[in-house]
$ cat entry16.txt   # compact mmCIF, C-alpha atoms and all ligand atoms
# COMPACT_ATOMS: atom_id res chain seq x y z
CA MET A 1 -33.17 -49.79 55.84
CA ASN A 2 -34.01 -48.59 59.35
CA LEU A 3 -31.73 -48.93 62.33
CA THR A 4 -33.57 -51.94 63.81
CA SER A 5 -33.31 -54.01 60.66
CA LEU A 6 -29.69 -52.98 60.22
CA LEU A 7 -28.90 -54.12 63.76
CA LEU A 8 -30.83 -57.36 63.14
CA LEU A 9 -28.81 -58.00 60.02
CA LEU A 10 -25.57 -57.36 61.87
CA THR A 11 -26.45 -59.74 64.68
CA VAL A 12 -28.01 -62.45 62.49
CA ALA A 13 -25.08 -63.89 60.63
CA SER A 14 -21.33 -64.18 61.06
CA SER A 15 -19.60 -62.99 57.93
CA PRO A 16 -17.93 -65.58 55.68
CA ALA A 17 -14.58 -64.06 56.63
CA GLU A 18 -15.32 -64.54 60.33
CA LEU A 19 -16.25 -68.19 59.74
CA ARG A 20 -13.07 -68.66 57.73
CA ASP A 21 -10.92 -67.25 60.54
CA LYS A 22 -12.76 -69.27 63.17
CA ALA A 23 -12.05 -72.49 61.26
CA ILE A 24 -8.39 -71.64 60.77
CA ALA A 25 -8.12 -71.23 64.55
CA GLY A 26 -9.10 -74.93 64.87
CA ASP A 27 -12.29 -76.73 63.86
CA HIS A 28 -13.16 -79.32 66.46
CA VAL A 29 -16.53 -80.48 65.13
CA GLY A 30 -15.25 -81.66 61.75
CA TYR A 31 -12.10 -83.29 63.07
CA GLU A 32 -14.03 -85.02 65.85
CA PHE A 33 -16.43 -86.37 63.22
CA VAL A 34 -13.54 -87.91 61.27
CA THR A 35 -11.95 -89.30 64.43
CA GLN A 36 -15.14 -90.99 65.60
CA LEU A 37 -16.13 -92.29 62.17
CA THR A 38 -12.77 -93.93 61.47
CA THR A 39 -12.27 -95.19 65.03
CA LEU A 40 -15.74 -96.55 65.81
CA PHE A 41 -16.37 -98.22 62.45
CA GLY A 42 -12.96 -98.75 60.87
CA PRO A 43 -13.31 -99.71 57.21
CA ARG A 44 -16.75 -99.06 55.70
CA PRO A 45 -17.05 -101.01 52.43
CA ALA A 46 -20.15 -100.17 50.39
CA GLY A 47 -23.14 -102.27 51.43
CA SER A 48 -21.39 -103.66 54.54
CA PRO A 49 -22.89 -103.65 58.05
CA ALA A 50 -20.11 -101.19 59.01
CA GLU A 51 -21.22 -98.73 56.32
CA GLN A 52 -24.86 -99.08 57.38
CA LYS A 53 -24.06 -98.61 61.07
CA ALA A 54 -21.84 -95.64 60.25
CA ALA A 55 -24.72 -94.03 58.34
CA HIS A 56 -27.06 -94.39 61.34
CA TRP A 57 -24.36 -93.03 63.63
CA ALA A 58 -23.75 -90.09 61.28
CA ALA A 59 -27.49 -89.27 61.22
CA ASP A 60 -27.62 -89.29 65.03
CA ARG A 61 -24.50 -87.15 65.22
CA LEU A 62 -25.89 -84.63 62.72
CA ARG A 63 -29.17 -84.40 64.66
CA ALA A 64 -27.20 -83.78 67.84
CA LEU A 65 -25.32 -81.00 66.06
CA GLY A 66 -28.63 -79.30 65.24
CA PHE A 67 -29.10 -80.34 61.60
CA GLU A 68 -32.73 -80.70 60.48
CA ASN A 69 -34.54 -83.02 58.05
CA VAL A 70 -31.91 -85.68 58.87
CA HIS A 71 -32.74 -88.98 57.18
CA LEU A 72 -31.36 -91.97 55.30
CA GLU A 73 -32.21 -92.73 51.67
CA THR A 74 -31.49 -96.37 50.90
CA PHE A 75 -30.87 -98.10 47.58
CA PRO A 76 -30.14 -101.72 46.60
CA MET A 77 -26.68 -102.75 45.48
CA SER A 78 -24.33 -105.72 45.31
CA ARG A 79 -21.79 -105.84 48.09
CA TRP A 80 -18.33 -107.12 47.16
CA ILE A 81 -16.62 -109.02 49.97
CA ARG A 82 -12.88 -109.57 49.88
CA GLY A 83 -11.91 -113.09 50.81
CA ASP A 84 -8.59 -114.75 51.48
CA GLU A 85 -6.26 -113.77 48.70
CA LYS A 86 -2.81 -114.63 47.52
CA VAL A 87 -0.58 -113.97 44.54
CA GLU A 88 2.54 -116.12 44.21
CA ILE A 89 5.34 -116.36 41.72
CA LEU A 90 5.77 -120.09 40.98
CA SER A 91 8.69 -119.92 38.58
CA PRO A 92 11.54 -119.37 37.90
CA ASN A 93 11.55 -119.68 41.74
CA PRO A 94 8.69 -119.48 44.24
CA GLN A 95 8.25 -116.03 45.77
CA PRO A 96 5.38 -114.28 47.57
CA VAL A 97 3.89 -111.16 45.95
CA VAL A 98 2.28 -108.31 47.88
CA ALA A 99 -1.00 -107.84 46.02
CA THR A 100 -4.68 -107.21 46.63
CA ALA A 101 -7.77 -108.06 44.61
CA LEU A 102 -9.52 -105.29 42.70
CA GLY A 103 -13.02 -104.51 43.95
CA GLY A 104 -15.65 -106.55 42.12
CA ALA A 105 -13.19 -109.19 40.92
CA PRO A 106 -14.34 -112.82 41.09
CA ALA A 107 -12.96 -115.67 43.16
CA ALA A 108 -9.96 -117.57 41.82
CA ALA A 109 -9.23 -121.16 42.85
CA GLY A 110 -5.51 -121.05 42.14
CA VAL A 111 -5.53 -119.75 38.57
CA GLU A 112 -2.06 -120.32 37.08
CA GLY A 113 -0.47 -118.81 34.02
CA GLU A 114 2.54 -117.10 32.53
CA ILE A 115 2.79 -113.32 32.74
CA VAL A 116 2.65 -111.22 29.59
CA ALA A 117 3.54 -107.62 30.40
CA PHE A 118 2.24 -104.44 28.76
CA ALA A 119 3.63 -100.96 29.32
CA SER A 120 0.18 -99.36 29.00
CA MET A 121 -3.49 -100.03 28.36
CA ASP A 122 -3.00 -98.95 24.75
CA GLU A 123 -0.43 -101.70 24.36
CA LEU A 124 -2.82 -104.26 25.84
CA ILE A 125 -5.63 -103.10 23.54
CA ALA A 126 -3.29 -103.43 20.56
CA ALA A 127 -2.78 -107.14 21.31
CA PRO A 128 -4.82 -109.33 18.93
CA LYS A 129 -7.85 -111.32 20.15
CA GLY A 130 -6.83 -114.76 21.34
CA SER A 131 -3.19 -113.73 21.79
CA LEU A 132 -3.38 -114.04 25.59
CA THR A 133 -5.11 -117.41 25.85
CA GLY A 134 -4.32 -118.94 29.21
CA LYS A 135 -1.91 -116.12 30.12
CA ILE A 136 -1.91 -113.58 32.94
CA ALA A 137 -1.94 -110.05 31.48
CA PHE A 138 0.11 -107.53 33.49
CA VAL A 139 -0.22 -103.79 32.88
CA ASP A 140 2.91 -102.16 34.30
CA ARG A 141 2.39 -98.44 34.16
CA ARG A 142 3.58 -95.94 36.76
CA THR A 143 1.34 -93.26 38.26
CA THR A 144 2.72 -89.74 37.92
CA ARG A 145 2.73 -87.59 41.05
CA MET A 146 0.79 -84.40 40.28
CA GLN A 147 -0.63 -81.69 42.49
CA ASN A 148 -4.06 -81.94 40.86
CA GLY A 149 -4.11 -85.73 41.02
CA GLN A 150 -4.39 -86.06 37.27
CA GLY A 151 -1.81 -88.86 37.19
CA TYR A 152 -4.41 -91.09 38.87
CA GLY A 153 -6.96 -90.47 36.15
CA ILE A 154 -4.44 -91.32 33.45
CA ALA A 155 -3.25 -94.57 35.08
CA GLY A 156 -6.77 -95.45 36.25
CA ALA A 157 -8.01 -96.66 32.86
CA ALA A 158 -6.02 -99.87 33.29
CA ARG A 159 -7.77 -100.67 36.57
CA ALA A 160 -11.21 -99.89 35.18
CA ARG A 161 -11.00 -101.63 31.79
CA GLY A 162 -7.92 -103.84 32.09
CA PRO A 163 -9.62 -107.10 33.16
CA ILE A 164 -12.28 -106.77 30.43
CA GLU A 165 -9.75 -106.06 27.67
CA ALA A 166 -7.45 -108.85 28.87
CA ALA A 167 -10.35 -111.34 29.01
CA GLU A 168 -11.38 -110.41 25.47
CA ARG A 169 -7.89 -111.47 24.37
CA GLY A 170 -8.18 -114.79 26.18
CA ALA A 171 -6.31 -114.02 29.42
CA ALA A 172 -7.02 -116.18 32.47
CA GLY A 173 -6.10 -113.44 34.94
CA PHE A 174 -5.09 -109.80 35.23
CA LEU A 175 -2.38 -108.02 37.21
CA LEU A 176 -1.85 -104.30 37.53
CA ARG A 177 0.98 -102.22 38.96
CA SER A 178 -0.88 -100.49 41.83
CA ILE A 179 -2.26 -97.10 40.90
CA GLY A 180 -0.22 -95.18 43.45
CA THR A 181 2.71 -92.80 43.72
CA ASP A 182 4.44 -94.36 46.74
CA GLY A 183 7.02 -96.87 45.51
CA GLU A 184 6.44 -98.87 48.70
CA ARG A 185 5.60 -102.55 49.13
CA ARG A 186 1.93 -101.62 49.49
CA ALA A 187 -0.96 -102.70 47.26
CA HIS A 188 -3.68 -100.22 46.24
CA THR A 189 -7.13 -101.67 45.63
CA GLY A 190 -9.97 -99.97 43.76
CA ALA A 191 -12.95 -100.84 41.64
CA THR A 192 -12.79 -102.47 38.25
CA HIS A 193 -15.59 -102.54 35.71
CA PHE A 194 -18.27 -105.17 35.26
CA ARG A 195 -19.24 -106.54 31.86
CA ASP A 196 -22.50 -108.46 31.51
CA GLY A 197 -22.90 -108.42 35.29
CA LYS A 198 -19.42 -109.64 36.22
CA VAL A 199 -15.72 -108.94 36.21
CA PRO A 200 -14.68 -111.60 33.69
CA ILE A 201 -11.36 -112.77 35.22
CA PRO A 202 -9.53 -112.61 38.56
CA ALA A 203 -7.80 -109.25 38.91
CA PHE A 204 -5.20 -107.98 41.37
CA ALA A 205 -3.08 -104.89 41.97
CA VAL A 206 0.52 -105.69 42.96
CA SER A 207 2.66 -103.30 44.99
CA SER A 208 5.05 -101.15 43.03
CA VAL A 209 8.02 -102.97 44.60
CA ASP A 210 6.63 -106.32 43.41
CA ALA A 211 5.87 -104.85 39.98
CA ASP A 212 9.57 -103.89 39.77
CA GLN A 213 10.56 -107.43 40.76
CA ILE A 214 8.35 -108.99 38.07
CA GLY A 215 9.67 -106.48 35.55
CA ARG A 216 13.29 -107.41 36.35
CA LEU A 217 12.58 -111.13 35.98
CA LEU A 218 11.05 -110.51 32.56
CA GLN A 219 14.00 -108.34 31.57
CA MET A 220 16.32 -111.18 32.52
CA GLY A 221 14.48 -113.26 29.95
CA GLN A 222 12.70 -115.43 32.53
CA LYS A 223 9.28 -116.91 31.98
CA VAL A 224 7.33 -115.78 35.05
CA ARG A 225 4.56 -118.12 36.10
CA VAL A 226 2.12 -116.99 38.82
CA ARG A 227 -0.78 -118.42 40.79
CA LEU A 228 -3.80 -116.28 41.72
CA THR A 229 -6.06 -117.24 44.61
CA SER A 230 -9.08 -115.37 45.98
CA THR A 231 -12.30 -116.29 47.75
CA ALA A 232 -14.02 -112.95 47.04
CA SER A 233 -17.80 -112.89 46.59
CA LEU A 234 -20.74 -110.66 45.70
CA VAL A 235 -23.93 -110.62 47.79
CA GLU A 236 -27.14 -108.59 47.50
CA SER A 237 -27.23 -105.75 50.00
CA GLN A 238 -28.13 -102.11 50.31
CA SER A 239 -26.41 -98.82 50.89
CA GLN A 240 -27.71 -95.38 51.83
CA ASN A 241 -27.17 -91.66 51.56
CA VAL A 242 -27.42 -89.56 54.72
CA VAL A 243 -29.14 -86.23 54.06
CA ALA A 244 -29.09 -83.36 56.60
CA ASP A 245 -30.04 -79.70 56.31
CA ILE A 246 -29.14 -76.42 57.91
CA ARG A 247 -32.37 -74.72 56.94
CA GLY A 248 -32.29 -71.32 55.34
CA ARG A 249 -35.00 -68.68 54.90
CA THR A 250 -35.80 -69.76 51.32
CA ASP A 251 -36.24 -73.17 49.70
CA GLU A 252 -33.06 -72.87 47.64
CA ILE A 253 -30.35 -75.44 48.38
CA VAL A 254 -26.56 -75.38 48.34
CA LEU A 255 -25.48 -79.04 48.42
CA LEU A 256 -22.19 -80.23 49.96
CA GLY A 257 -21.16 -83.83 49.28
CA ALA A 258 -18.63 -86.40 50.51
CA HIS A 259 -18.80 -90.18 50.85
CA LEU A 260 -19.17 -92.38 53.92
CA ASP A 261 -18.10 -95.67 52.35
CA SER A 262 -14.44 -96.61 52.08
CA TRP A 263 -12.18 -99.40 50.95
CA ASP A 264 -11.67 -102.29 53.31
CA LEU A 265 -7.89 -102.27 53.79
CA GLY A 266 -7.46 -99.11 55.89
CA THR A 267 -10.01 -97.05 57.82
CA GLY A 268 -10.89 -94.72 54.95
CA ALA A 269 -9.55 -91.64 56.73
CA ILE A 270 -8.34 -89.63 53.74
CA ASP A 271 -10.86 -91.38 51.45
CA ASP A 272 -13.25 -90.08 52.47
CA ALA A 273 -13.90 -89.61 56.18
CA ALA A 274 -11.88 -86.41 55.78
CA GLY A 275 -14.36 -85.07 53.23
CA THR A 276 -17.33 -85.84 55.47
CA GLY A 277 -15.66 -84.06 58.39
CA ILE A 278 -14.74 -81.05 56.27
CA ILE A 279 -18.29 -80.46 55.04
CA VAL A 280 -19.93 -81.25 58.39
CA GLY A 281 -17.51 -78.89 60.15
CA ALA A 282 -18.14 -76.13 57.61
CA ALA A 283 -21.94 -76.52 57.71
CA LYS A 284 -21.94 -76.47 61.52
CA LEU A 285 -19.92 -73.24 61.56
CA ILE A 286 -22.44 -71.69 59.16
CA ALA A 287 -25.35 -72.88 61.34
CA ASP A 288 -23.78 -71.37 64.43
CA GLY A 289 -23.21 -68.12 62.57
CA GLY A 290 -26.94 -67.46 62.16
CA LYS A 291 -29.72 -68.31 59.71
CA ALA A 292 -28.65 -68.06 56.08
CA ARG A 293 -30.82 -67.20 53.09
CA ARG A 294 -30.43 -70.63 51.45
CA THR A 295 -30.49 -74.12 52.95
CA VAL A 296 -27.09 -75.76 53.32
CA ARG A 297 -27.58 -79.46 52.66
CA VAL A 298 -24.95 -82.02 53.60
CA VAL A 299 -25.15 -85.35 51.78
CA LEU A 300 -22.93 -88.18 53.03
CA TYR A 301 -23.11 -90.55 50.09
CA GLY A 302 -23.06 -94.33 50.27
CA SER A 303 -21.32 -96.60 47.82
CA GLU A 304 -19.09 -94.17 45.98
CA GLU A 305 -16.22 -96.59 45.61
CA ILE A 306 -17.70 -99.58 43.90
CA GLY A 307 -19.91 -100.07 40.85
CA ASP A 308 -22.97 -102.26 40.65
CA PRO A 309 -22.87 -105.31 38.36
CA GLN A 310 -26.45 -104.61 37.27
CA ARG A 311 -25.63 -100.94 36.70
CA ARG A 312 -28.17 -99.84 39.29
CA PRO A 313 -27.86 -96.26 40.53
CA LEU A 314 -25.47 -95.84 43.47
CA GLY A 315 -25.12 -92.95 45.94
CA GLY A 316 -24.78 -90.00 43.57
CA SER A 317 -27.25 -91.17 40.95
CA SER A 318 -29.76 -92.35 43.60
CA TYR A 319 -29.83 -88.88 45.12
CA ALA A 320 -30.29 -87.21 41.74
CA LEU A 321 -33.19 -89.57 40.93
CA ALA A 322 -34.89 -89.27 44.32
CA HIS A 323 -34.69 -85.46 44.25
CA GLU A 324 -35.42 -84.95 40.57
CA ALA A 325 -38.47 -82.78 41.30
CA GLU A 326 -36.49 -80.31 43.42
CA LEU A 327 -33.29 -80.13 41.40
CA GLY A 328 -34.36 -76.70 40.16
CA LYS A 329 -33.94 -75.52 43.76
CA HIS A 330 -30.33 -76.75 43.91
CA VAL A 331 -28.39 -73.59 43.16
CA LEU A 332 -24.81 -74.76 43.74
CA THR A 333 -22.97 -77.98 44.60
CA GLY A 334 -19.49 -79.31 45.28
CA GLU A 335 -17.85 -82.33 46.89
CA SER A 336 -14.81 -82.96 49.07
CA ASP A 337 -13.10 -86.21 48.06
CA MET A 338 -9.37 -85.80 47.78
CA GLY A 339 -8.12 -86.22 51.31
CA ALA A 340 -7.36 -83.51 53.84
CA ASP A 341 -4.37 -81.67 52.40
CA ARG A 342 -4.67 -77.95 51.76
CA ILE A 343 -6.90 -76.37 49.15
CA TYR A 344 -4.89 -74.35 46.66
CA ALA A 345 -7.39 -73.30 44.01
CA LEU A 346 -11.07 -72.70 43.37
CA SER A 347 -12.57 -73.87 40.08
CA LEU A 348 -15.74 -72.13 38.93
CA SER A 349 -17.42 -72.09 35.55
CA GLU A 350 -16.30 -69.07 33.52
CA PRO A 351 -19.51 -67.04 33.94
CA VAL A 352 -19.67 -67.71 37.69
CA ALA A 353 -15.99 -66.81 38.10
CA ALA A 354 -16.65 -63.53 36.28
CA SER A 355 -19.73 -62.69 38.39
CA ALA A 356 -19.70 -60.53 41.51
CA PHE A 357 -20.19 -63.73 43.53
CA GLY A 358 -17.13 -65.37 41.95
CA LYS A 359 -14.95 -62.34 42.55
CA GLU A 360 -16.06 -62.06 46.17
CA ALA A 361 -15.39 -65.79 46.68
CA LEU A 362 -11.81 -65.43 45.44
CA ARG A 363 -11.27 -62.34 47.58
CA LEU A 364 -12.41 -64.31 50.65
CA LEU A 365 -10.22 -67.32 49.91
CA ALA A 366 -7.00 -65.59 48.88
CA PRO A 367 -5.83 -64.93 52.49
CA ILE A 368 -5.78 -68.70 53.14
CA GLY A 369 -3.83 -69.45 49.99
CA VAL A 370 -6.66 -70.39 47.61
CA LEU A 371 -6.30 -68.84 44.16
CA GLN A 372 -8.40 -69.02 41.03
CA SER A 373 -7.94 -72.29 39.18
CA ARG A 374 -7.42 -72.28 35.45
CA GLU A 375 -9.22 -75.62 35.30
CA LEU A 376 -12.99 -75.79 34.93
CA PRO A 377 -15.00 -77.68 37.56
CA ARG A 378 -16.36 -80.15 34.95
CA ARG A 379 -18.57 -82.77 36.71
CA GLY A 380 -17.32 -81.80 40.15
CA GLY A 381 -16.78 -85.42 41.25
CA VAL A 382 -18.34 -88.87 41.27
CA ASP A 383 -21.10 -88.09 43.77
CA VAL A 384 -22.33 -84.68 42.63
CA GLY A 385 -21.68 -85.43 38.94
CA PRO A 386 -25.27 -86.64 38.31
CA LEU A 387 -26.57 -83.28 39.65
CA VAL A 388 -24.17 -81.33 37.48
CA GLU A 389 -25.33 -83.29 34.43
CA LYS A 390 -28.84 -82.09 35.25
CA GLY A 391 -27.79 -78.45 35.26
CA VAL A 392 -26.83 -77.74 38.87
CA PRO A 393 -23.93 -75.23 38.96
CA VAL A 394 -20.76 -76.70 40.46
CA PHE A 395 -17.51 -75.58 42.06
CA VAL A 396 -14.37 -77.49 42.97
CA LEU A 397 -12.13 -76.57 45.88
CA ASN A 398 -8.98 -78.24 44.55
CA GLN A 399 -6.93 -79.96 47.22
CA ASP A 400 -3.22 -80.62 47.02
CA GLY A 401 -3.13 -84.20 45.75
CA SER A 402 0.67 -84.52 45.75
CA ARG A 403 0.80 -87.17 48.49
CA TYR A 404 -2.81 -88.41 48.35
CA PHE A 405 -2.06 -91.31 46.02
CA ASP A 406 0.79 -92.60 48.20
CA ILE A 407 -1.75 -94.23 50.54
CA HIS A 408 -5.08 -93.97 48.66
CA HIS A 409 -7.02 -97.30 48.76
CA THR A 410 -4.34 -98.98 50.92
CA ALA A 411 -4.01 -100.28 54.47
CA GLU A 412 -2.16 -97.05 55.25
CA ASP A 413 -5.25 -94.86 54.80
CA THR A 414 -5.66 -94.16 58.51
CA LEU A 415 -6.39 -91.18 60.77
CA ASP A 416 -2.75 -90.40 61.56
CA LYS A 417 -2.23 -89.35 57.91
CA ILE A 418 -4.53 -86.35 58.32
CA ASP A 419 -2.58 -83.16 58.90
CA ARG A 420 -4.70 -81.18 61.32
CA LYS A 421 -3.63 -77.72 60.13
CA GLN A 422 -4.36 -78.55 56.51
CA PHE A 423 -7.69 -80.13 57.51
CA ASP A 424 -8.67 -76.89 59.27
CA GLN A 425 -7.73 -74.88 56.17
CA ASN A 426 -10.15 -77.06 54.20
CA VAL A 427 -12.97 -76.39 56.68
CA ALA A 428 -12.16 -72.68 56.51
CA ALA A 429 -12.38 -72.56 52.73
CA TRP A 430 -15.63 -74.54 52.65
CA ALA A 431 -17.21 -72.50 55.46
CA ALA A 432 -16.35 -69.17 53.80
CA LEU A 433 -17.38 -70.16 50.27
CA ILE A 434 -20.62 -71.87 51.33
CA ALA A 435 -21.60 -69.08 53.73
CA LEU A 436 -21.15 -66.63 50.87
CA ALA A 437 -23.21 -68.80 48.51
CA ALA A 438 -25.92 -69.45 51.10
CA ASN A 439 -26.36 -65.76 51.82
CA SER A 440 -26.14 -64.66 48.19
CA ASP A 441 -29.16 -63.96 46.01
CA ALA A 442 -27.11 -64.31 42.83
CA ASP A 443 -28.76 -66.67 40.35
CA LEU A 444 -25.83 -68.98 39.62
CA ARG A 445 -28.02 -71.16 37.41
CA GLU A 446 -28.67 -68.19 35.18
CA ALA A 447 -24.94 -67.52 35.09
CA VAL A 448 -24.07 -70.99 33.81
CA LYS A 449 -26.88 -71.17 31.20
ZN ZN A 501 -13.23 -91.13 47.57
$ encode --input "entry16.txt" --output "structure tokens" --more "lines below"
Ligand SMILES: [Zn+2]
Amino acid sequence: MNLTSLLLLLTVASSPAELRDKAIAGDHVGYEFVTQLTTLFGPRPAGSPAEQKAAHWAADRLRALGFENVHLETFPMSRWIRGDEKVEILSPNPQPVVATALGGAPAAAGVEGEIVAFASMDELIAAPKGSLTGKIAFVDRRTTRMQNGQGYGIAGAARARGPIEAAERGAAGFLLRSIGTDGERRAHTGATHFRDGKVPIPAFAVSSVDADQIGRLLQMGQKVRVRLTSTASLVESQSQNVVADIRGRTDEIVLLGAHLDSWDLGTGAIDDAAGTGIIVGAAKLIADGGKARRTVRVVLYGSEEIGDPQRRPLGGSSYALAHEAELGKHVLTGESDMGADRIYALSLSEPVAASAFGKEALRLLAPIGVLQSRELPRRGGVDVGPLVEKGVPVFVLNQDGSRYFDIHHTAEDTLDKIDRKQFDQNVAAWAALIALAANSDADLREAVK
């Protein structure tokens, strides 16, 4: 190498460590993105005008920040619209219940029935067919608070499959103790599964305080009769992914994902405006640091939160289908979708962790408190999962999920819950790791084969 090319190299790119330290000092681009997204558009349910407008806004914003190849990729989907909703205890004495319909659930014109409680999904599944005819099934299982958020996955089966299993046993309605760790009078919504193009019975999540109340009534030997009302509906609509590149010198791509859609109760700040801001902030730092070897692609996915009754591809699967021909050029991917609290560990596949790239990544991240995770990255998340299934190497920057499920999918998911210092630490970790990957010539695909 001669002196000129050495000088060129030195002036071309900021080092990953420099980007990391710059982000820790305060990332304004990413945080501003989150602030504007949540403030201008509020809730952004999949397929809603707010989600569509937010996608156009995001594309404009990314262009203004200097991203290239910025465009929207649309796909058809059914939009679920929450209506007026109410859950009431009718007997032994009338009482209101704080509850919210599960996403996808059908309307209910005052469906009444007696509650039959189950301590878990396994218990519900063990009930014989026909044993719940005309009843309201109630799965009353608590969500365990865990740093890695695993308690959500365990409790989540009841939200996904509960209404289908209850309907198969004859139930007229389904209630769930909210999947949340808060213990507040706050209902957590979330998607439930479709069967034959519909959610078979009305389905609601009740707050943990109300679940306790129902539990006490049952323990006192009372027959608890409830009425479920909802005017929810499904309409044909469309959603879209926003794709934006920081072009590199080669055609290889490192893909960063997060989702633009949110639930309708809050403003989707921790789920997942935070993720979009973290990856946009990190990519912008990399762009400002000089041209990298590989392209850094940001994908802000649409419709992560809700399924499609006709099982059509949503954000993640639409991207994987649309880009099938160039998936061989995708050398690494990861997504940010667990709020804005600090990253504590990096998950890499075993061969990547053992490679020079993996070791350098951990060396870069250790000063900001990110250690090697003992967990494998698996599918990486809902949005990048379809890429990982097609062989794209994946990493996970594991965020502290200890308090995430206190407000996840509730009216309390708002901007004020984002801790700025922890948000900046996220941007720092993403900027450093992605800058390293984008400037590396290591064949990570070969490593994971
Ligand atoms: Zn999310």
$ closest_atom_pairs --input "entry16.txt" --of "stretch 324-365 of chain A" --to "stretch 426-433 of chain A" --cutoff "10 Å" --atoms "all atoms listed in the file" --output "JSON lines"
{"residue": "A:Gly334", "atom": "CA", "partner": "A:Trp430", "partner_atom": "CA", "distance": 9.6}
{"residue": "A:Glu335", "atom": "CA", "partner": "A:Trp430", "partner_atom": "CA", "distance": 9.9}
{"residue": "A:Ser336", "atom": "CA", "partner": "A:Asn426", "partner_atom": "CA", "distance": 9.1}
{"residue": "A:Gly339", "atom": "CA", "partner": "A:Asn426", "partner_atom": "CA", "distance": 9.8}
{"residue": "A:Ala340", "atom": "CA", "partner": "A:Asn426", "partner_atom": "CA", "distance": 7.0}
{"residue": "A:Asp341", "atom": "CA", "partner": "A:Asn426", "partner_atom": "CA", "distance": 7.6}
{"residue": "A:Arg342", "atom": "CA", "partner": "A:Asn426", "partner_atom": "CA", "distance": 6.1}
{"residue": "A:Ile343", "atom": "CA", "partner": "A:Asn426", "partner_atom": "CA", "distance": 6.0}
{"residue": "A:Tyr344", "atom": "CA", "partner": "A:Asn426", "partner_atom": "CA", "distance": 9.6}
{"residue": "A:Leu346", "atom": "CA", "partner": "A:Ala429", "partner_atom": "CA", "distance": 9.5}
{"residue": "A:Phe357", "atom": "CA", "partner": "A:Leu433", "partner_atom": "CA", "distance": 9.7}
{"residue": "A:Gly358", "atom": "CA", "partner": "A:Leu433", "partner_atom": "CA", "distance": 9.6}
{"residue": "A:Glu360", "atom": "CA", "partner": "A:Leu433", "partner_atom": "CA", "distance": 9.2}
{"residue": "A:Ala361", "atom": "CA", "partner": "A:Leu433", "partner_atom": "CA", "distance": 6.0}
{"residue": "A:Leu362", "atom": "CA", "partner": "A:Leu433", "partner_atom": "CA", "distance": 8.8}
{"residue": "A:Leu364", "atom": "CA", "partner": "A:Ala432", "partner_atom": "CA", "distance": 7.0}
{"residue": "A:Leu365", "atom": "CA", "partner": "A:Ala429", "partner_atom": "CA", "distance": 6.3}
$ residues_near_ligand --input "entry16.txt" --ligand "ligand ZN 501 (chain A)" --cutoff "10 Å" --atoms "all atoms listed in the file" --output "tab-separated table (two decimals) with C-alpha atoms, in the frame of the given file"
chain	number	residue	atom	x	y	z
A	258	ALA	CA	-18.63	-86.40	50.51
A	259	HIS	CA	-18.80	-90.18	50.85
A	260	LEU	CA	-19.17	-92.38	53.92
A	261	ASP	CA	-18.10	-95.67	52.35
A	262	SER	CA	-14.44	-96.61	52.08
A	263	TRP	CA	-12.18	-99.40	50.95
A	268	GLY	CA	-10.89	-94.72	54.95
A	269	ALA	CA	-9.55	-91.64	56.73
A	270	ILE	CA	-8.34	-89.63	53.74
A	271	ASP	CA	-10.86	-91.38	51.45
A	272	ASP	CA	-13.25	-90.08	52.47
A	273	ALA	CA	-13.90	-89.61	56.18
A	274	ALA	CA	-11.88	-86.41	55.78
A	275	GLY	CA	-14.36	-85.07	53.23
A	303	SER	CA	-21.32	-96.60	47.82
A	304	GLU	CA	-19.09	-94.17	45.98
A	305	GLU	CA	-16.22	-96.59	45.61
A	335	GLU	CA	-17.85	-82.33	46.89
A	336	SER	CA	-14.81	-82.96	49.07
A	337	ASP	CA	-13.10	-86.21	48.06
A	338	MET	CA	-9.37	-85.80	47.78
A	339	GLY	CA	-8.12	-86.22	51.31
A	381	GLY	CA	-16.78	-85.42	41.25
A	382	VAL	CA	-18.34	-88.87	41.27
A	383	ASP	CA	-21.10	-88.09	43.77
A	408	HIS	CA	-5.08	-93.97	48.66
A	409	HIS	CA	-7.02	-97.30	48.76
$ closest_residue --input "entry16.txt" --among "A:Ala320, A:Ala25, A:Ala411, A:Ala54" --to "A:Thr39" --atoms "all atoms listed in the file"
A:Ala54
$ residues_around --input "entry16.txt" --residues "stretch 86-100 of chain A" --least-positions-apart "6" --cutoff "10 Å" --atoms "all atoms listed in the file" --output "PyMOL selection string"
chain A and resi 108+110-115+175-178+185-190+203-211+213-214+217+222-231+265+410
$ residues_around --input "entry16.txt" --residues "stretch 67-78 of chain A" --least-positions-apart "6" --cutoff "10 Å" --atoms "only C-alpha atoms" --output "number ranges by chain"
A: 46-48, 52, 55-56, 58-61, 104, 233-247, 280, 283-284, 287, 296-303, 306-315, 318-319, 322
$ closest_residue --input "entry16.txt" --among "A:Pro377, A:Gly401, A:Gly173, A:Gly103" --to "A:Arg159" --atoms "all atoms listed in the file"
A:Gly103
$ atom_distance --input "entry16.txt" --atom1 "atom CA of A:Gln422" --atom2 "atom CA of A:Lys359"
23.9 Å
$ closest_residue --input "entry16.txt" --among "A:Val139, A:Ala172, A:Met146, A:Ala50" --to "A:Ser402" --atoms "all atoms listed in the file"
A:Met146
$ atom_distance --input "entry16.txt" --atom1 "atom CA of A:Arg374" --atom2 "atom CA of A:Arg142"
26.1 Å
$ closest_residue --input "entry16.txt" --among "A:Val352, A:Ala119, A:Val34, A:Leu415" --to "A:Arg445" --atoms "all atoms listed in the file"
A:Val352
$ atom_distance --input "entry16.txt" --atom1 "atom CA of A:Tyr404" --atom2 "atom CA of A:Val392"
27.9 Å
